[in-house]
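Data file: start.cif. Format and content: mmCIF, C-alpha atoms.
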data_run
#
loop_
_atom_site.label_atom_id
_atom_site.label_comp_id
_atom_site.auth_asym_id
_atom_site.auth_seq_id
_atom_site.Cartn_x
_atom_site.Cartn_y
_atom_site.Cartn_z
CA MET X 7 0.00 0.00 0.00
CA SER X 8 1.47 3.33 -1.03
CA ASN X 9 1.55 6.47 1.05
CA ALA X 10 -0.70 9.48 0.48
CA ILE X 11 1.92 11.74 2.07
CA GLU X 12 5.64 11.05 2.27
CA ILE X 13 8.12 13.44 3.80
CA GLU X 14 11.83 12.57 3.97
CA ARG X 15 14.48 14.54 5.86
CA LEU X 16 12.61 17.81 5.55
CA GLY X 17 14.46 20.94 6.59
CA TYR X 18 13.06 24.44 7.00
CA ARG X 19 14.04 27.51 8.95
CA ALA X 20 12.20 30.72 9.71
CA GLY X 21 14.29 33.21 11.62
CA ARG X 22 16.75 32.05 14.23
CA ALA X 23 14.27 30.68 16.72
CA PHE X 24 12.37 28.18 14.61
CA GLU X 25 13.65 25.19 12.70
CA ILE X 26 12.29 21.97 11.23
CA LYS X 27 15.08 19.44 11.11
CA ASP X 28 15.24 16.02 9.42
CA LEU X 29 11.50 15.53 9.59
CA ASP X 30 10.25 12.16 8.28
CA LEU X 31 6.54 11.51 8.04
CA HIS X 32 4.43 8.86 6.26
CA VAL X 33 0.67 8.82 5.91
CA PRO X 34 -0.65 5.55 4.41
CA ARG X 35 -3.43 5.86 1.83
CA GLY X 36 -6.84 5.49 3.46
CA ALA X 37 -5.53 6.30 6.95
CA ILE X 38 -6.96 8.86 9.33
CA TYR X 39 -3.72 10.28 10.69
CA GLY X 40 -3.77 12.38 13.86
CA PHE X 41 -0.96 14.94 13.94
CA LEU X 42 -0.26 15.97 17.52
CA GLY X 43 2.09 18.42 19.12
CA PRO X 44 2.20 21.42 21.46
CA ASN X 45 1.63 24.96 20.20
CA GLY X 46 4.54 26.31 18.23
CA CYS X 47 6.15 22.91 17.57
CA GLY X 48 5.91 23.30 13.79
CA LYS X 49 2.65 21.53 12.89
CA THR X 50 1.15 24.36 10.85
CA THR X 51 4.50 25.03 9.15
CA THR X 52 4.76 21.33 8.21
CA ILE X 53 1.23 21.48 6.78
CA ARG X 54 2.07 24.58 4.75
CA LEU X 55 5.25 22.92 3.46
CA LEU X 56 3.45 19.77 2.38
CA LEU X 57 0.89 21.79 0.45
CA GLY X 58 3.60 23.74 -1.32
CA LEU X 59 2.67 27.01 0.40
CA LEU X 60 6.22 27.32 1.78
CA ARG X 61 9.50 26.24 0.19
CA PRO X 62 11.59 23.67 2.05
CA LEU X 63 15.36 24.17 2.42
CA ALA X 64 16.05 20.43 2.27
CA GLY X 65 14.34 17.10 1.88
CA ARG X 66 11.69 15.51 -0.30
CA ILE X 67 7.88 15.76 -0.12
CA THR X 68 5.50 13.55 -2.12
CA VAL X 69 1.72 13.97 -1.93
CA LEU X 70 -0.61 11.54 -3.77
CA GLY X 71 2.38 10.36 -5.80
CA ASP X 72 3.36 13.85 -7.03
CA ALA X 73 6.34 15.96 -5.96
CA VAL X 74 5.91 19.12 -3.87
CA PRO X 75 6.42 21.97 -4.69
CA ARG X 76 6.92 21.04 -8.40
CA ASP X 77 3.42 19.58 -8.94
CA ALA X 78 1.67 21.67 -6.31
CA ALA X 79 -1.12 22.86 -8.62
CA ARG X 80 -2.05 19.31 -9.64
CA ILE X 81 -1.92 18.19 -6.02
CA LEU X 82 -4.05 21.03 -4.66
CA ALA X 83 -6.84 20.10 -7.11
CA ARG X 84 -7.11 16.74 -5.30
CA VAL X 85 -6.65 17.96 -1.72
CA GLY X 86 -9.25 19.50 0.58
CA PHE X 87 -7.62 21.92 3.01
CA VAL X 88 -9.05 23.49 6.13
CA PRO X 89 -6.53 26.07 7.36
CA GLU X 90 -6.15 27.07 10.98
CA GLN X 91 -7.44 30.57 10.21
CA PRO X 92 -10.23 30.93 7.64
CA HIS X 93 -9.03 33.28 4.93
CA LEU X 94 -12.21 33.85 2.96
CA ASP X 95 -13.50 37.20 1.73
CA PRO X 96 -15.74 38.58 4.52
CA ILE X 97 -18.11 40.38 2.13
CA LEU X 98 -18.95 37.34 -0.01
CA THR X 99 -22.15 35.56 1.00
CA VAL X 100 -22.33 31.84 1.70
CA ARG X 101 -23.75 31.26 -1.78
CA GLU X 102 -21.04 33.38 -3.45
CA THR X 103 -18.32 31.65 -1.46
CA LEU X 104 -19.58 28.24 -2.61
CA ALA X 105 -19.78 29.39 -6.25
CA PHE X 106 -16.27 30.88 -6.00
CA HIS X 107 -14.81 27.63 -4.67
CA ALA X 108 -16.77 25.42 -7.05
CA ALA X 109 -15.18 27.24 -9.99
CA PHE X 110 -11.71 25.97 -9.00
CA TYR X 111 -12.63 22.30 -8.64
CA PRO X 112 -13.89 20.20 -11.57
CA THR X 113 -14.80 17.50 -9.03
CA TRP X 114 -17.09 19.85 -7.06
CA ASP X 115 -20.32 18.08 -6.01
CA TRP X 116 -23.20 20.61 -5.93
CA PRO X 117 -25.95 18.26 -4.70
CA TRP X 118 -23.82 17.23 -1.76
CA ALA X 119 -22.74 20.82 -1.07
CA GLU X 120 -26.44 21.75 -0.93
CA ARG X 121 -27.26 18.86 1.38
CA LEU X 122 -24.42 19.81 3.75
CA ARG X 123 -25.43 23.48 3.68
CA GLY X 124 -28.93 22.45 4.78
CA GLN X 125 -27.60 20.05 7.39
CA PHE X 126 -25.25 22.74 8.76
CA GLN X 127 -28.08 25.34 8.69
CA LEU X 128 -26.07 27.91 6.73
CA GLN X 129 -28.10 30.68 5.10
CA ASP X 130 -27.33 31.42 1.43
CA GLY X 131 -27.47 35.22 1.81
CA GLN X 132 -25.28 35.59 4.92
CA PRO X 133 -21.94 37.34 4.33
CA PHE X 134 -18.97 35.27 5.52
CA GLY X 135 -17.83 38.11 7.79
CA ARG X 136 -21.11 37.98 9.75
CA LEU X 137 -21.06 34.23 10.41
CA SER X 138 -20.45 32.99 13.94
CA LYS X 139 -17.28 31.05 14.67
CA GLY X 140 -19.22 27.79 14.55
CA GLN X 141 -20.84 28.64 11.21
CA LYS X 142 -17.43 29.55 9.77
CA GLY X 143 -16.03 26.22 10.94
CA LYS X 144 -18.90 24.36 9.26
CA LEU X 145 -18.52 26.31 6.02
CA MET X 146 -14.77 25.59 5.91
CA MET X 147 -15.40 21.85 6.28
CA LEU X 148 -18.19 22.00 3.69
CA LEU X 149 -15.84 23.65 1.15
CA ALA X 150 -13.15 21.02 1.74
CA LEU X 151 -15.59 18.09 1.44
CA ALA X 152 -17.73 19.25 -1.50
CA GLN X 153 -14.72 19.26 -3.82
CA ARG X 154 -14.58 15.46 -3.22
CA PRO X 155 -10.85 15.32 -2.47
CA GLU X 156 -8.67 12.21 -2.28
CA LEU X 157 -6.86 13.70 0.68
CA LEU X 158 -8.09 16.03 3.41
CA VAL X 159 -5.57 18.17 5.26
CA LEU X 160 -7.21 19.67 8.33
CA ASP X 161 -5.35 22.10 10.56
CA GLU X 162 -7.23 22.32 13.87
CA PRO X 163 -10.62 22.13 12.12
CA THR X 164 -12.60 22.08 15.37
CA ASP X 165 -10.48 24.51 17.37
CA GLY X 166 -12.67 26.84 19.42
CA LEU X 167 -15.94 25.28 18.23
CA ASP X 168 -18.65 24.20 20.65
CA PRO X 169 -19.33 20.48 21.17
CA VAL X 170 -22.48 20.42 19.02
CA VAL X 171 -20.74 22.03 16.03
CA ARG X 172 -17.68 19.78 16.51
CA ARG X 173 -19.95 16.76 16.36
CA ASP X 174 -21.68 17.94 13.15
CA VAL X 175 -18.38 18.74 11.45
CA LEU X 176 -16.71 15.44 12.37
CA SER X 177 -19.78 13.37 11.47
CA ALA X 178 -19.78 14.93 7.99
CA LEU X 179 -16.06 14.19 7.67
CA LEU X 180 -16.46 10.54 8.69
CA GLU X 181 -19.46 10.08 6.44
CA TYR X 182 -17.33 11.27 3.54
CA VAL X 183 -14.47 8.95 4.48
CA ALA X 184 -16.91 6.01 4.62
CA GLN X 185 -18.17 6.62 1.10
CA ARG X 186 -14.97 7.78 -0.59
CA GLN X 187 -12.18 6.01 1.36
CA ALA X 188 -10.27 9.28 1.40
CA THR X 189 -7.10 9.83 3.42
CA VAL X 190 -7.28 12.33 6.30
CA PHE X 191 -4.38 14.22 7.88
CA ILE X 192 -5.73 16.11 10.88
CA SER X 193 -4.01 18.18 13.54
CA SER X 194 -5.84 18.92 16.76
CA HIS X 195 -5.36 19.75 20.41
CA LEU X 196 -8.50 17.83 21.27
CA VAL X 197 -6.71 14.57 21.81
CA HIS X 198 -9.81 12.71 23.00
CA GLU X 199 -11.53 13.59 19.78
CA LEU X 200 -8.71 12.06 17.72
CA GLU X 201 -8.75 8.96 19.91
CA ARG X 202 -12.19 8.08 18.53
CA PHE X 203 -11.31 7.85 14.86
CA CYS X 204 -7.59 8.07 14.08
CA ASP X 205 -5.78 4.89 13.11
CA TRP X 206 -2.34 6.51 12.92
CA ILE X 207 -0.66 8.97 15.27
CA GLY X 208 2.32 11.22 14.66
CA VAL X 209 3.71 13.36 17.47
CA MET X 210 5.82 16.41 16.73
CA ASP X 211 7.87 18.50 19.10
CA GLN X 212 10.56 21.13 18.59
CA GLY X 213 10.53 20.77 14.81
CA ARG X 214 10.90 16.96 14.79
CA LEU X 215 8.57 14.00 14.53
CA ILE X 216 9.24 12.04 17.70
CA VAL X 217 6.78 9.15 17.21
CA GLU X 218 4.82 7.74 14.29
CA LEU X 219 2.79 4.58 14.95
CA PRO X 220 -0.59 2.95 14.36
CA MET X 221 -2.95 4.25 17.05
CA GLU X 222 -3.42 0.92 18.87
CA ARG X 223 0.31 0.28 19.05
CA PHE X 224 1.03 3.77 20.31
CA LYS X 225 -1.72 3.66 22.91
CA ASN X 226 -1.18 0.13 24.13
CA GLY X 227 2.60 0.51 24.11
CA ILE X 228 2.80 3.35 26.63
CA LYS X 229 2.45 2.10 30.21
CA ARG X 230 3.28 3.00 33.76
CA LEU X 231 4.89 0.07 35.57
CA ARG X 232 4.94 -0.19 39.35
CA ILE X 233 7.93 -2.15 40.56
CA ASP X 234 9.56 -2.98 43.90
CA GLY X 235 12.87 -1.51 44.96
CA THR X 236 15.27 0.59 42.94
CA PRO X 237 17.23 -1.87 40.78
CA ALA X 238 20.05 -0.80 38.47
CA THR X 239 18.79 -0.20 34.94
CA PRO X 240 19.54 -3.35 32.92
CA ASP X 241 21.00 -2.78 29.49
CA ASN X 242 18.95 -5.32 27.52
CA LEU X 243 15.50 -3.81 28.03
CA PRO X 244 12.92 -5.15 25.54
CA PHE X 245 10.97 -1.88 25.76
CA VAL X 246 11.97 1.80 25.72
CA LEU X 247 12.37 3.23 29.21
CA LEU X 248 11.27 6.88 29.16
CA ALA X 249 11.53 7.71 32.84
CA ARG X 250 12.02 6.22 36.33
CA GLU X 251 10.49 7.97 39.27
CA PRO X 252 10.30 7.10 42.96
CA ALA X 253 6.83 5.92 43.97
CA ASN X 254 5.34 5.96 47.47
CA GLY X 255 7.58 4.02 49.86
CA THR X 256 10.11 1.58 48.49
CA GLY X 257 9.15 1.21 44.86
CA GLU X 258 9.47 3.02 41.59
CA THR X 259 7.25 3.93 38.69
CA TRP X 260 8.70 3.34 35.26
CA LEU X 261 7.27 5.02 32.24
CA VAL X 262 7.81 2.85 29.17
CA ARG X 263 7.07 2.82 25.47
CA GLU X 264 6.64 -0.12 23.06
CA TRP X 265 5.42 -2.36 25.88
CA GLU X 266 3.85 -5.74 25.12
CA PRO X 267 2.08 -7.96 27.67
CA GLN X 268 4.55 -10.86 27.39
CA MET X 269 7.35 -8.54 28.53
CA ALA X 270 6.22 -9.06 32.13
CA ALA X 271 8.34 -12.24 31.97
CA PHE X 272 11.41 -10.06 31.57
CA PHE X 273 11.03 -8.82 35.15
CA ASP X 274 10.93 -12.40 36.51
CA ALA X 275 14.21 -13.24 34.80
CA TYR X 276 15.67 -10.02 36.12
CA GLY X 277 14.54 -10.73 39.68
CA VAL X 278 12.41 -7.62 40.14
CA SER X 279 8.78 -7.82 41.08
CA LEU X 280 6.43 -6.03 38.75
CA HIS X 281 3.31 -5.09 40.70
CA GLN X 282 1.11 -3.48 38.23
CA VAL X 283 0.90 -2.39 34.61
CA ILE X 284 -1.15 0.78 34.30
CA ASP X 285 -2.87 1.67 31.02
CA LEU X 286 -2.73 5.25 29.77
CA ASP X 287 -5.19 6.81 27.38
CA LEU X 288 -4.01 8.74 24.33
CA GLU X 289 -3.87 12.09 26.09
CA GLU X 290 -1.90 10.80 29.07
CA GLY X 291 0.44 8.92 26.76
CA PHE X 292 0.96 12.04 24.66
CA VAL X 293 1.62 14.28 27.69
CA GLU X 294 4.07 11.79 29.24
CA LEU X 295 5.87 11.32 25.94
CA LEU X 296 6.41 15.07 25.55
CA ARG X 297 7.45 15.53 29.16
CA THR X 298 10.11 12.84 28.91
CA PHE X 299 11.24 13.96 25.45
CA ARG X 300 11.89 17.44 26.75
CA GLY X 301 13.60 16.46 29.98
CA PRO X 302 14.68 12.82 30.18
CA ARG X 303 14.88 11.58 33.73
CA ALA X 304 15.77 7.97 33.05
CA MET F 12 -27.34 0.63 21.62
CA PHE F 13 -23.72 1.80 21.39
CA GLU F 14 -23.93 4.65 23.89
CA HIS F 15 -21.30 3.23 26.23
CA LEU F 16 -18.35 3.18 23.87
CA ASN F 17 -15.23 4.40 25.59
CA PRO F 18 -12.51 5.62 23.23
CA ARG F 19 -10.10 6.07 26.15
CA SER F 20 -10.26 2.42 27.14
CA PRO F 21 -7.34 0.15 26.22
CA ILE F 22 -9.94 -2.17 24.63
CA PRO F 23 -9.99 -1.20 20.93
CA LEU F 24 -13.21 0.39 19.68
CA TYR F 25 -13.85 -2.38 17.11
CA GLU F 26 -13.77 -4.89 19.95
CA GLN F 27 -16.16 -2.75 22.04
CA ILE F 28 -18.60 -2.50 19.12
CA ALA F 29 -18.39 -6.24 18.34
CA ASN F 30 -18.84 -7.10 21.98
CA ARG F 31 -21.93 -4.96 22.28
CA VAL F 32 -23.48 -6.79 19.31
CA ARG F 33 -22.49 -10.24 20.70
CA LEU F 34 -24.19 -9.39 23.97
CA ALA F 35 -27.33 -8.07 22.24
CA VAL F 36 -27.55 -11.25 20.15
CA ALA F 37 -26.98 -13.47 23.19
CA THR F 38 -29.68 -11.76 25.24
CA GLY F 39 -32.18 -11.66 22.38
CA GLU F 40 -32.14 -7.84 22.23
CA LEU F 41 -31.19 -8.27 18.55
CA ARG F 42 -33.45 -10.86 16.86
CA PRO F 43 -32.33 -13.00 13.92
CA ALA F 44 -32.56 -11.27 10.50
CA THR F 45 -32.38 -7.80 12.09
CA ALA F 46 -30.28 -5.44 9.98
CA LEU F 47 -27.34 -3.74 11.70
CA PRO F 48 -26.70 -0.08 10.76
CA SER F 49 -24.59 0.34 7.61
CA VAL F 50 -20.87 1.06 8.06
CA ARG F 51 -21.44 4.62 6.89
CA GLN F 52 -24.38 5.19 9.25
CA LEU F 53 -22.62 3.80 12.29
CA ALA F 54 -19.29 5.54 11.62
CA THR F 55 -21.13 8.86 11.16
CA GLU F 56 -23.30 8.41 14.21
CA LEU F 57 -20.52 7.28 16.56
CA ARG F 58 -17.86 9.51 14.97
CA VAL F 59 -15.51 6.57 14.62
CA ASN F 60 -13.31 5.46 11.75
CA PRO F 61 -15.34 3.51 9.14
CA ALA F 62 -12.53 0.93 9.18
CA THR F 63 -13.32 0.33 12.87
CA VAL F 64 -16.92 -0.58 12.05
CA VAL F 65 -15.81 -2.80 9.14
CA GLN F 66 -13.42 -4.67 11.42
CA ALA F 67 -16.11 -5.17 14.09
CA TYR F 68 -18.57 -6.52 11.50
CA ARG F 69 -15.92 -8.82 9.96
CA ASP F 70 -15.08 -10.27 13.36
CA LEU F 71 -18.78 -10.84 14.07
CA GLU F 72 -19.19 -12.52 10.71
CA SER F 73 -16.26 -14.89 11.18
CA GLU F 74 -17.70 -15.86 14.59
CA GLY F 75 -21.08 -16.59 12.98
CA PHE F 76 -23.06 -13.83 14.71
CA VAL F 77 -23.90 -11.87 11.59
CA GLU F 78 -23.96 -12.31 7.85
CA MET F 79 -22.71 -9.62 5.46
CA ARG F 80 -24.65 -9.64 2.20
CA GLN F 81 -23.02 -7.77 -0.65
CA GLY F 82 -24.94 -4.60 -1.38
CA ALA F 83 -27.73 -5.43 1.08
CA GLY F 84 -26.13 -4.95 4.48
CA THR F 85 -25.25 -6.85 7.64
CA PHE F 86 -27.86 -9.09 9.29
CA VAL F 87 -28.07 -10.95 12.58
CA ARG F 88 -27.95 -14.72 12.11
CA GLU F 89 -30.01 -17.41 13.76
CA ILE F 90 -27.90 -18.50 16.73
CA ALA F 91 -28.14 -21.92 18.41
CA PRO F 92 -29.35 -21.72 22.04
CA GLN F 93 -26.10 -23.34 23.26
CA THR F 94 -24.08 -20.64 21.50
CA ARG F 95 -26.17 -17.93 23.12
CA ALA F 96 -25.78 -19.55 26.50
CA ARG F 97 -22.03 -19.85 25.97
CA GLU F 98 -21.82 -16.19 24.99
CA ARG F 99 -23.72 -15.14 28.12
CA THR F 100 -21.35 -17.20 30.26
CA ARG F 101 -18.41 -15.55 28.53
CA GLN F 102 -19.85 -12.08 29.16
CA ALA F 103 -20.49 -12.90 32.82
CA ALA F 104 -16.90 -14.14 33.23
CA ALA F 105 -15.59 -10.95 31.60
CA LEU F 106 -17.61 -8.80 34.02
CA VAL F 107 -16.18 -10.69 37.00
CA ARG F 108 -12.61 -10.48 35.70
CA GLU F 109 -12.98 -6.74 35.28
CA MET F 110 -14.35 -6.45 38.82
CA LEU F 111 -11.50 -8.53 40.25
CA ALA F 112 -8.91 -6.43 38.44
CA GLN F 113 -10.41 -3.24 39.79
CA ALA F 114 -10.67 -4.67 43.30
CA GLY F 115 -6.97 -5.58 43.06
CA ARG F 116 -6.08 -2.00 42.13
CA LEU F 117 -8.14 -0.62 45.02
CA GLY F 118 -6.79 -3.16 47.50
CA VAL F 119 -10.20 -4.74 48.19
CA SER F 120 -9.78 -8.36 49.32
CA ARG F 121 -11.58 -11.38 47.80
CA GLN F 122 -13.52 -11.93 51.04
CA GLU F 123 -14.71 -8.34 51.14
CA LEU F 124 -15.68 -8.61 47.51
CA GLN F 125 -17.58 -11.85 48.08
CA ALA F 126 -19.44 -10.35 51.03
CA ALA F 127 -20.37 -7.28 49.00
CA LEU F 128 -21.55 -9.43 46.10
CA ALA F 129 -23.72 -11.57 48.37
CA GLU F 130 -25.16 -8.44 49.94
CA GLU F 131 -25.94 -6.80 46.59
CA ILE F 132 -27.49 -9.93 45.11
CA GLY F 133 -29.52 -10.37 48.25
CA VAL F 134 -28.35 -13.88 49.11
CA GLY F 135 -27.04 -14.69 52.55
CA THR F 136 -28.59 -11.59 54.09
CA PRO F 137 -31.39 -12.05 56.63
#

Mind turning the file's structure into structure tokens?
Amino acid sequence: MSNAIEIERLGYRAGRAFEIKDLDLHVPRGAIYGFLGPNGCGKTTTIRLLLGLLRPLAGRITVLGDAVPRDAARILARVGFVPEQPHLDPILTVRETLAFHAAFYPTWDWPWAERLRGQFQLQDGQPFGRLSKGQKGKLMMLLALAQRPELLVLDEPTDGLDPVVRRDVLSALLEYVAQRQATVFISSHLVHELERFCDWIGVMDQGRLIVELPMERFKNGIKRLRIDGTPATPDNLPFVLLAREPANGTGETWLVREWEPQMAAFFDAYGVSLHQVIDLDLEEGFVELLRTFRGPRA
Amino acid sequence: MFEHLNPRSPIPLYEQIANRVRLAVATGELRPATALPSVRQLATELRVNPATVVQAYRDLESEGFVEMRQGAGTFVREIAPQTRARERTRQAAALVREMLAQAGRLGVSRQELQAALAEEIGVGTP
């Protein structure tokens, strides 16, 4: 299975403070890929680079089999993009905005655009500038979906929207994915939201991709282990030890990555008693991963 | 029917969906020949990945709980009474295992648990 997005050793620099360095990223076709990372880590810049809106200093980007930025025009015709900030003309009405967008995309689907407009309760005559934040969010998603793209690139599409609007927007997205088998690349701070539907997770921090894994492997691989005593760290660990911290009394808590259930046997051989293996949800796993990436305590 | 899905649980969502259907079939809540929602409907309604629903339905089909008919949809199959009974036993065992695991985490002993169970069920109390 080929990849919808492939980024190899990407380099980019803006000013002295910000740099993307040796970024590798792979989004399999048909995946719903959740792109996570703290504010300012380079997510939006990466998105702009992969759409050809910025020029990389180094590396190779391929989207839907075509090279960026060389084939950017051909790629953009097949990609639905929801930017972090809507950049539509505030004086155009909803109807005019739809007509404007439709003109750029031969694949535009008017009947579906109309159905979504009704479902989202957007009024034809309303100027974009007068729409509420929620209505703007719905219109942005409508524009990206009605062009029937092969790939959707969504930069915080539900940021600042209320739960009802978020639900409507995501339901429309998933309905489209179910009928079209499109690929979705979505960045969000609402980690619990991504946990429902993403099957791949990439985590970025400080201009690098620090993890890229199928969702289940990422989630089930990060554990807190409660162990007795404070043994020396063995050098043949079958998992990745992210941190060791003293726990109440005589034991320790180990934070590990790439854990698998049969690894409990490792502790027997090593003569340390493993009390408990604690599951983390996606958000906890994400927070712990960043904390240990930034300041390793192992 | 699927209101108790928990995306934060370590149990994958496809397994939670499949399990909910197994239970509904075993208890008779879903009768034979009933149509399950389409992949598109369920993914949209639950806001889950369509692939998650497909995987749940495939697992249910390979276990004989449902039948997927090309173009028509997914339907509950006629299940032998022994199979239903076995499924109920399996579900009961899973509930108890979950309870024991939680009791272990909270430091509640087996005796205390047994006493509480007897009390709640209403056996062994005057």

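This file gives the following result for the PyMOL selection byres ((chain F and resi 26-29) around 9): F:Phe13, F:His15, F:Leu16, F:Asn17, F:Ile22, F:Pro23, F:Leu24, F:Tyr25, F:Asn30, F:Arg31, F:Val32, F:Arg33, F:Leu34, F:Thr63, F:Val64, F:Gln66, F:Ala67, F:Tyr68, F:Asp70, F:Leu71.
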
Write to file, as an mmCIF file, in the coordinates of the input, the residues of the selection just made, with C-alpha atoms.
data_model
loop_
_atom_site.group_PDB
_atom_site.id
_atom_site.type_symbol
_atom_site.label_atom_id
_atom_site.label_comp_id
_atom_site.auth_asym_id
_atom_site.auth_seq_id
_atom_site.Cartn_x
_atom_site.Cartn_y
_atom_site.Cartn_z
ATOM 1 C CA PHE F 13 -23.720 1.800 21.390
ATOM 2 C CA HIS F 15 -21.300 3.230 26.230
ATOM 3 C CA LEU F 16 -18.350 3.180 23.870
ATOM 4 C CA ASN F 17 -15.230 4.400 25.590
ATOM 5 C CA ILE F 22 -9.940 -2.170 24.630
ATOM 6 C CA PRO F 23 -9.990 -1.200 20.930
ATOM 7 C CA LEU F 24 -13.210 0.390 19.680
ATOM 8 C CA TYR F 25 -13.850 -2.380 17.110
ATOM 9 C CA ASN F 30 -18.840 -7.100 21.980
ATOM 10 C CA ARG F 31 -21.930 -4.960 22.280
ATOM 11 C CA VAL F 32 -23.480 -6.790 19.310
ATOM 12 C CA ARG F 33 -22.490 -10.240 20.700
ATOM 13 C CA LEU F 34 -24.190 -9.390 23.970
ATOM 14 C CA THR F 63 -13.320 0.330 12.870
ATOM 15 C CA VAL F 64 -16.920 -0.580 12.050
ATOM 16 C CA GLN F 66 -13.420 -4.670 11.420
ATOM 17 C CA ALA F 67 -16.110 -5.170 14.090
ATOM 18 C CA TYR F 68 -18.570 -6.520 11.500
ATOM 19 C CA ASP F 70 -15.080 -10.270 13.360
ATOM 20 C CA LEU F 71 -18.780 -10.840 14.070
#

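If you measure from each of X:Glu120, X:Asp95, X:Glu199, X:Glu25 to Leu137 in chain X using only C-alpha atoms, the closest one turns out to be X:Asp95.
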
Evaluate the PyMOL selection byres ((chain X) within 8 of (chain F)) and record the selected residues as a short mmCIF file (atom, residue, chain, number, x, y, z; two decimals) with C-alpha atoms, in the frame of the given file, following the chain and residue labels used in the document.
data_model
loop_
_atom_site.label_atom_id
_atom_site.label_comp_id
_atom_site.auth_asym_id
_atom_site.auth_seq_id
_atom_site.Cartn_x
_atom_site.Cartn_y
_atom_site.Cartn_z
CA ILE X 38 -6.96 8.86 9.33
CA ARG X 173 -19.95 16.76 16.36
CA LEU X 176 -16.71 15.44 12.37
CA SER X 177 -19.78 13.37 11.47
CA ALA X 178 -19.78 14.93 7.99
CA LEU X 180 -16.46 10.54 8.69
CA GLU X 181 -19.46 10.08 6.44
CA VAL X 183 -14.47 8.95 4.48
CA ALA X 184 -16.91 6.01 4.62
CA GLN X 185 -18.17 6.62 1.10
CA HIS X 198 -9.81 12.71 23.00
CA GLU X 201 -8.75 8.96 19.91
CA ARG X 202 -12.19 8.08 18.53
CA PHE X 203 -11.31 7.85 14.86
CA CYS X 204 -7.59 8.07 14.08
CA ASP X 205 -5.78 4.89 13.11
CA GLU X 222 -3.42 0.92 18.87
CA LYS X 225 -1.72 3.66 22.91
CA ASN X 226 -1.18 0.13 24.13
CA ASP X 285 -2.87 1.67 31.02
CA LEU X 286 -2.73 5.25 29.77
CA ASP X 287 -5.19 6.81 27.38
CA LEU X 288 -4.01 8.74 24.33
#

**Report entry** CA of Gly208 in chain X to CA of Ile284 in chain X, straight-line distance in Å
**Finding:**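 Computed distance, CA of Ile284 in chain X to CA of Gly208 in chain X, equals 22.5 Å.
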
Query raised in the report: So what do you get for CA of Asp72 in chain X versus CA of Val190 in chain X, distance-wise?
Result: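 Spanning CA of Asp72 in chain X to CA of Val190 in chain X is a straight-line distance of 17.1 Å.
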
Using only C-alpha atoms, list the residues that have an atom at most 12 Å from (15.8, -1.0, 29.4), coordinates as in the file, as a PDB file with C-alpha atoms, keeping the file's coordinate frame.
ATOM      1  CA  PRO X 237      17.230  -1.870  40.780  1.00  0.00           C
ATOM      2  CA  ALA X 238      20.050  -0.800  38.470  1.00  0.00           C
ATOM      3  CA  THR X 239      18.790  -0.200  34.940  1.00  0.00           C
ATOM      4  CA  PRO X 240      19.540  -3.350  32.920  1.00  0.00           C
ATOM      5  CA  ASP X 241      21.000  -2.780  29.490  1.00  0.00           C
ATOM      6  CA  ASN X 242      18.950  -5.320  27.520  1.00  0.00           C
ATOM      7  CA  LEU X 243      15.500  -3.810  28.030  1.00  0.00           C
ATOM      8  CA  PRO X 244      12.920  -5.150  25.540  1.00  0.00           C
ATOM      9  CA  PHE X 245      10.970  -1.880  25.760  1.00  0.00           C
ATOM     10  CA  VAL X 246      11.970   1.800  25.720  1.00  0.00           C
ATOM     11  CA  LEU X 247      12.370   3.230  29.210  1.00  0.00           C
ATOM     12  CA  LEU X 248      11.270   6.880  29.160  1.00  0.00           C
ATOM     13  CA  ALA X 249      11.530   7.710  32.840  1.00  0.00           C
ATOM     14  CA  ARG X 250      12.020   6.220  36.330  1.00  0.00           C
ATOM     15  CA  TRP X 260       8.700   3.340  35.260  1.00  0.00           C
ATOM     16  CA  LEU X 261       7.270   5.020  32.240  1.00  0.00           C
ATOM     17  CA  VAL X 262       7.810   2.850  29.170  1.00  0.00           C
ATOM     18  CA  ARG X 263       7.070   2.820  25.470  1.00  0.00           C
ATOM     19  CA  GLU X 264       6.640  -0.120  23.060  1.00  0.00           C
ATOM     20  CA  TRP X 265       5.420  -2.360  25.880  1.00  0.00           C
ATOM     21  CA  MET X 269       7.350  -8.540  28.530  1.00  0.00           C
ATOM     22  CA  PHE X 272      11.410 -10.060  31.570  1.00  0.00           C
ATOM     23  CA  PHE X 273      11.030  -8.820  35.150  1.00  0.00           C
ATOM     24  CA  TYR X 276      15.670 -10.020  36.120  1.00  0.00           C
ATOM     25  CA  ALA X 304      15.770   7.970  33.050  1.00  0.00           C
TER      26      ALA X 304
END

Starting from the point (-20.8, -4.6, 2.5), work out which residues of protein, DNA or RNA have an atom no more than 10 Å away when counting all atoms listed in the file; state them as a JSON list (two decimals) with C-alpha atoms, in the frame of the given file.
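Output contents, as saved in result.json:
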[["chain", "number", "residue", "atom", "x", "y", "z"],
["F", 49, "SER", "CA", -24.59, 0.34, 7.61],
["F", 50, "VAL", "CA", -20.87, 1.06, 8.06],
["F", 65, "VAL", "CA", -15.81, -2.80, 9.14],
["F", 68, "TYR", "CA", -18.57, -6.52, 11.50],
["F", 69, "ARG", "CA", -15.92, -8.82, 9.96],
["F", 78, "GLU", "CA", -23.96, -12.31, 7.85],
["F", 79, "MET", "CA", -22.71, -9.62, 5.46],
["F", 80, "ARG", "CA", -24.65, -9.64, 2.20],
["F", 81, "GLN", "CA", -23.02, -7.77, -0.65],
["F", 82, "GLY", "CA", -24.94, -4.60, -1.38],
["F", 83, "ALA", "CA", -27.73, -5.43, 1.08],
["F", 84, "GLY", "CA", -26.13, -4.95, 4.48],
["F", 85, "THR", "CA", -25.25, -6.85, 7.64]]
